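Peer 1: One structure coming up, written as structure tokens, with questions to follow.
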Amino acid sequence: MRKTILISMAVLMASGCSIYRKYERPENIVPMDSLYRAELVSPDDAAAAADSSSFGYMPWEEMFTDPHLQELIRTGLENNTDLLSAALRVQQAQARLKASKWAYSPSLNLGPQAGYNYSLSDGAGTGSGSYNLGGSVSWDIDLFGSLLNAKRGAQAALLQQEAYQQAVRSQLIATIANTYYSLLMLDEQVRVSEENVALWAEQIRSMESMLKVGRVNENAVTQSRAQLYGLEASLADMKRQRQEAENALCSILGSVYTSIERSTIDEQALPQDFSVGVPLELLSNRPDVYQAEMALASAYYSTNQARSAFYPKLTLSGSAGWTGAFGQAVANPGGLIINALAQLAQPIFNKGQLTSNLRVAKAEEEIARLTYKQTLLDAGEEVNNNLYALEIYDEMLRKHQAQLDDLERTVETAESLYRRSSKMTYLEVLTARQSLLTAQLNVVSDKYLLLQTTVNLYRSLGGGRQ
């Protein structure tokens, strides 16, 4: 009989070796060589990733050199409520990990007891009392890795929360920078619009004087005045957007409204030449990818815990105490009581609960694997989109700048021709000025889009790490 039990135990231990294995990153979950579009990636990126010179590794203090923006980012890192909440989640995960480590230790309980009985018979009463000063200890022996997998799962959960905190930090830095650049864009657009409104109003006053001497007709004056009203309405809306952007930035910084000190959009300088690294770099640098992987690791250990529930559970327990009666220390001295017990419990029939738990754990692990895969795909898509957008916005800026240069010369020529010739109407001059205003606003918008996309690429490559 004893031999049969030992053989059965050996078979169970051999079949349960997999529950002791550590998590390993799944291979070829996504074709890494095609995660980035080949035409968007420099052939030198592999070397850049090898020496950790990828754009995503750049410290944010080097990425953003504007002192006003640096101060805003520092304030946000100190006060943003989402980041503070993420830090508290890390503390929770640390506490759970510490609790899982204590599970290896025996549990000790003290249970002192005392009682007193009093009885009344024939007018006389008698009483007696007893006490028991004792305690018990229990120790679960982790034969089949239940506690081990619980501890490893808690470690993975802690890394997952740390990655989440880093993801919130990276997103926060990018959001502060983009909102700041949005403010600078609106500042410049308001400045350009105010100059044009003032210039347009002056031109209308000139047209009203020319109307009196017959150089322009009334239709030209009313049409110009209508365009001025449209410019003033657009200017008012820009100011509203600027105020809302400033309010939003204050909220992100975790503070009540205050005026944001800032420079100008033309003073901004971001890196122009950078490497994105090879796709595998996303696994170690992007916090959301690492978070998804640690969620997969945690699910893997949960599956191992569900498997270990099928194997025997060994518990060592014991108790010791001193018992006696009140007031009878001499006639009836107390006695020492000691008990010890070793219990081996093997589940045989539990209404399918263990099997169902294992199926649930396997399904959760597969869900985590698919989520990890999709996170990788989304990361590659985001990098590709930002790389391509950088090329397009750079081209748009060059074209709009060339358009602006030509329109500036067109306005100068139109005004000169109007002063020297009666064949050109003043509406043609105003139309040229309207086109110039649109081109000026387009150039400002393109500068902002280039800044924004560079920041987004920095974040999508895991930039802003501690």
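Going by the structure tokens order, chains are called A, B, ..., each with residues numbered from 1, while ligands are numbered from 1 in the order shown.
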With a distance cut-off of 10 Å and only C-alpha atoms, select the neighbouring residues of region 353-357 of chain A, excluding the residue or stretch itself and same-chain residues fewer than 3 positions from it, and output the selection as a ChimeraX atom specification.
Peer 2: /A:302-303,305-310,347,349-350,360-363
Peer 1: With all heavy atoms retained, export the selected residues as an mmCIF file, in the first residue's frame.
Peer 2:
```
data_model
loop_
_atom_site.group_PDB
_atom_site.id
_atom_site.type_symbol
_atom_site.label_atom_id
_atom_site.label_comp_id
_atom_site.auth_asym_id
_atom_site.auth_seq_id
_atom_site.Cartn_x
_atom_site.Cartn_y
_atom_site.Cartn_z
ATOM 1 N N SER A 302 -1.740 32.402 -13.083
ATOM 2 C CA SER A 302 -3.074 32.048 -12.594
ATOM 3 C C SER A 302 -3.491 30.679 -13.131
ATOM 4 O O SER A 302 -4.123 29.883 -12.415
ATOM 5 C CB SER A 302 -4.093 33.109 -13.019
ATOM 6 O OG SER A 302 -3.828 34.349 -12.398
ATOM 7 N N THR A 303 -3.141 30.389 -14.381
ATOM 8 C CA THR A 303 -3.421 29.068 -14.947
ATOM 9 C C THR A 303 -2.659 27.990 -14.193
ATOM 10 O O THR A 303 -3.192 26.912 -13.905
ATOM 11 C CB THR A 303 -3.051 29.045 -16.439
ATOM 12 O OG1 THR A 303 -3.790 30.044 -17.124
ATOM 13 C CG2 THR A 303 -3.367 27.691 -17.053
ATOM 14 N N GLN A 305 -1.740 28.128 -11.102
ATOM 15 C CA GLN A 305 -2.415 27.968 -9.814
ATOM 16 C C GLN A 305 -3.642 27.070 -9.948
ATOM 17 O O GLN A 305 -3.909 26.229 -9.083
ATOM 18 C CB GLN A 305 -2.839 29.330 -9.277
ATOM 19 C CG GLN A 305 -1.770 30.070 -8.510
ATOM 20 C CD GLN A 305 -2.332 31.306 -7.854
ATOM 21 O OE1 GLN A 305 -2.492 32.349 -8.488
ATOM 22 N NE2 GLN A 305 -2.643 31.199 -6.573
ATOM 23 N N ALA A 306 -4.400 27.254 -11.021
ATOM 24 C CA ALA A 306 -5.573 26.407 -11.240
ATOM 25 C C ALA A 306 -5.169 24.955 -11.448
ATOM 26 O O ALA A 306 -5.880 24.032 -11.013
ATOM 27 C CB ALA A 306 -6.359 26.916 -12.453
ATOM 28 N N ARG A 307 -4.031 24.717 -12.103
ATOM 29 C CA ARG A 307 -3.543 23.347 -12.279
ATOM 30 C C ARG A 307 -3.104 22.743 -10.945
ATOM 31 O O ARG A 307 -3.371 21.566 -10.662
ATOM 32 C CB ARG A 307 -2.366 23.326 -13.248
ATOM 33 C CG ARG A 307 -2.741 23.552 -14.706
ATOM 34 C CD ARG A 307 -1.575 23.175 -15.609
ATOM 35 N NE ARG A 307 -1.902 23.387 -17.016
ATOM 36 C CZ ARG A 307 -1.535 24.435 -17.724
ATOM 37 N NH1 ARG A 307 -0.810 25.398 -17.136
ATOM 38 N NH2 ARG A 307 -1.862 24.551 -18.992
ATOM 39 N N SER A 308 -2.430 23.539 -10.128
ATOM 40 C CA SER A 308 -1.921 23.011 -8.857
ATOM 41 C C SER A 308 -3.049 22.619 -7.911
ATOM 42 O O SER A 308 -2.832 21.819 -6.989
ATOM 43 C CB SER A 308 -1.021 24.054 -8.192
ATOM 44 O OG SER A 308 -1.765 25.199 -7.812
ATOM 45 N N ALA A 309 -4.248 23.143 -8.120
ATOM 46 C CA ALA A 309 -5.377 22.785 -7.250
ATOM 47 C C ALA A 309 -5.772 21.322 -7.406
ATOM 48 O O ALA A 309 -6.471 20.773 -6.538
ATOM 49 C CB ALA A 309 -6.569 23.684 -7.556
ATOM 50 N N PHE A 310 -5.354 20.663 -8.500
ATOM 51 C CA PHE A 310 -5.675 19.246 -8.712
ATOM 52 C C PHE A 310 -4.779 18.326 -7.884
ATOM 53 O O PHE A 310 -5.062 17.141 -7.770
ATOM 54 C CB PHE A 310 -5.510 18.884 -10.200
ATOM 55 C CG PHE A 310 -6.604 19.410 -11.074
ATOM 56 C CD1 PHE A 310 -6.513 20.674 -11.629
ATOM 57 C CD2 PHE A 310 -7.746 18.650 -11.326
ATOM 58 C CE1 PHE A 310 -7.519 21.176 -12.447
ATOM 59 C CE2 PHE A 310 -8.749 19.141 -12.139
ATOM 60 C CZ PHE A 310 -8.646 20.409 -12.696
ATOM 61 N N PRO A 347 -7.882 16.325 -3.631
ATOM 62 C CA PRO A 347 -9.246 16.475 -4.163
ATOM 63 C C PRO A 347 -9.584 15.335 -5.116
ATOM 64 O O PRO A 347 -8.782 14.967 -5.979
ATOM 65 C CB PRO A 347 -9.188 17.814 -4.889
ATOM 66 C CG PRO A 347 -7.753 18.038 -5.205
ATOM 67 C CD PRO A 347 -6.998 17.396 -4.095
ATOM 68 N N PHE A 349 -13.452 14.545 -5.898
ATOM 69 C CA PHE A 349 -14.685 14.947 -6.572
ATOM 70 C C PHE A 349 -15.151 16.264 -5.976
ATOM 71 O O PHE A 349 -15.356 16.371 -4.771
ATOM 72 C CB PHE A 349 -15.769 13.877 -6.394
ATOM 73 C CG PHE A 349 -17.078 14.264 -7.034
ATOM 74 C CD1 PHE A 349 -17.209 14.285 -8.418
ATOM 75 C CD2 PHE A 349 -18.172 14.627 -6.257
ATOM 76 C CE1 PHE A 349 -18.401 14.651 -9.011
ATOM 77 C CE2 PHE A 349 -19.372 14.989 -6.846
ATOM 78 C CZ PHE A 349 -19.481 14.998 -8.229
ATOM 79 N N ASN A 350 -15.265 17.272 -6.787
ATOM 80 C CA ASN A 350 -15.680 18.587 -6.288
ATOM 81 C C ASN A 350 -16.700 19.226 -7.218
ATOM 82 O O ASN A 350 -16.701 20.437 -7.412
ATOM 83 C CB ASN A 350 -14.478 19.506 -6.102
ATOM 84 C CG ASN A 350 -13.672 19.634 -7.383
ATOM 85 O OD1 ASN A 350 -14.147 19.250 -8.458
ATOM 86 N ND2 ASN A 350 -12.466 20.145 -7.275
ATOM 87 N N VAL A 360 -11.494 28.379 -17.149
ATOM 88 C CA VAL A 360 -11.598 29.836 -17.070
ATOM 89 C C VAL A 360 -10.210 30.474 -17.119
ATOM 90 O O VAL A 360 -9.983 31.463 -17.831
ATOM 91 C CB VAL A 360 -12.340 30.259 -15.788
ATOM 92 C CG1 VAL A 360 -12.247 31.771 -15.580
ATOM 93 C CG2 VAL A 360 -13.804 29.838 -15.857
ATOM 94 N N ALA A 361 -9.264 29.912 -16.363
ATOM 95 C CA ALA A 361 -7.908 30.462 -16.334
ATOM 96 C C ALA A 361 -7.243 30.364 -17.703
ATOM 97 O O ALA A 361 -6.553 31.295 -18.140
ATOM 98 C CB ALA A 361 -7.075 29.722 -15.291
ATOM 99 N N LYS A 362 -7.430 29.242 -18.397
ATOM 100 C CA LYS A 362 -6.858 29.092 -19.734
ATOM 101 C C LYS A 362 -7.457 30.115 -20.695
ATOM 102 O O LYS A 362 -6.743 30.683 -21.540
ATOM 103 C CB LYS A 362 -7.101 27.677 -20.253
ATOM 104 C CG LYS A 362 -6.213 26.620 -19.614
ATOM 105 C CD LYS A 362 -6.488 25.252 -20.233
ATOM 106 C CE LYS A 362 -5.549 24.192 -19.677
ATOM 107 N NZ LYS A 362 -5.823 22.856 -20.264
ATOM 108 N N ALA A 363 -8.757 30.332 -20.590
ATOM 109 C CA ALA A 363 -9.404 31.322 -21.458
ATOM 110 C C ALA A 363 -8.878 32.720 -21.173
ATOM 111 O O ALA A 363 -8.614 33.510 -22.104
ATOM 112 C CB ALA A 363 -10.922 31.271 -21.274
#
```
Peer 1: Considering only C-alpha atoms, can you say which of A:Arg205, A:Gly463, A:Ala299, A:Val197 comes closest to Gln227 (chain A)?
Peer 2: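 So, comparing all the options, the nearest one is A:Val197.
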Peer 1: Looking at A:Arg409, A:Arg240, A:Arg169, A:Arg286, which one is nearest to Ala87 (chain A), with distances taken over only C-alpha atoms?
Peer 2: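 Answer, going by the shortest atom-to-atom distance: A:Arg169.
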Peer 1: Can you pull out the residues contacting Glu261 (chain A)? Cut-off 12 Å, using only C-alpha atoms, and skip same-chain residues under 5 positions away; I want them as number ranges by chain.
Peer 2: A: 66-72, 180, 183-184, 187, 246, 249-250
Peer 1: Residues near Ile176 (chain A), anyone? I mean within 12 Å using only C-alpha atoms, not counting same-chain ones fewer than 3 positions away, as an MDAnalysis selection string.
Peer 2: chainID A and resid 60 64 68:77 80 169:173 179:183 245:246 248:254 260 452 455:456 459 464
Peer 1: May I ask for the distance between CA of Leu376 (chain A) and CA of Ala174 (chain A), given in Å to one decimal place?
Peer 2: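 Those two atoms sit 20.1 Å apart.
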Peer 1: With 8 Å as the cut-off and only C-alpha atoms counted, what is the closest atom pair between each nearby residue of region 212-297 of chain A and region 424-429 of chain A? Distances in Å to one decimal, ordered by chain and number, as JSON lines.
Peer 2:
```
{"residue": "A:Val216", "atom": "CA", "partner": "A:Tyr426", "partner_atom": "CA", "distance": 7.3}
{"residue": "A:Ala220", "atom": "CA", "partner": "A:Leu427", "partner_atom": "CA", "distance": 6.3}
{"residue": "A:Ser224", "atom": "CA", "partner": "A:Leu427", "partner_atom": "CA", "distance": 7.6}
```
Peer 1: Keeping only N, CA, C and O atoms, write the selected residues to a file as an mmCIF file, in the first residue's frame.
Peer 2:
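Saved the output as part_4.cif:
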```
data_model
loop_
_atom_site.group_PDB
_atom_site.id
_atom_site.type_symbol
_atom_site.label_atom_id
_atom_site.label_comp_id
_atom_site.auth_asym_id
_atom_site.auth_seq_id
_atom_site.Cartn_x
_atom_site.Cartn_y
_atom_site.Cartn_z
ATOM 1 N N VAL A 216 -14.015 104.108 -55.860
ATOM 2 C CA VAL A 216 -14.602 102.778 -55.642
ATOM 3 C C VAL A 216 -16.102 102.954 -55.526
ATOM 4 O O VAL A 216 -16.602 104.051 -55.245
ATOM 5 N N ALA A 220 -18.228 97.642 -53.305
ATOM 6 C CA ALA A 220 -16.901 97.224 -52.852
ATOM 7 C C ALA A 220 -16.716 97.511 -51.370
ATOM 8 O O ALA A 220 -16.130 96.709 -50.626
ATOM 9 N N SER A 224 -16.301 94.561 -48.503
ATOM 10 C CA SER A 224 -15.097 94.569 -47.662
ATOM 11 C C SER A 224 -15.467 94.601 -46.181
ATOM 12 O O SER A 224 -14.851 93.934 -45.351
#
```
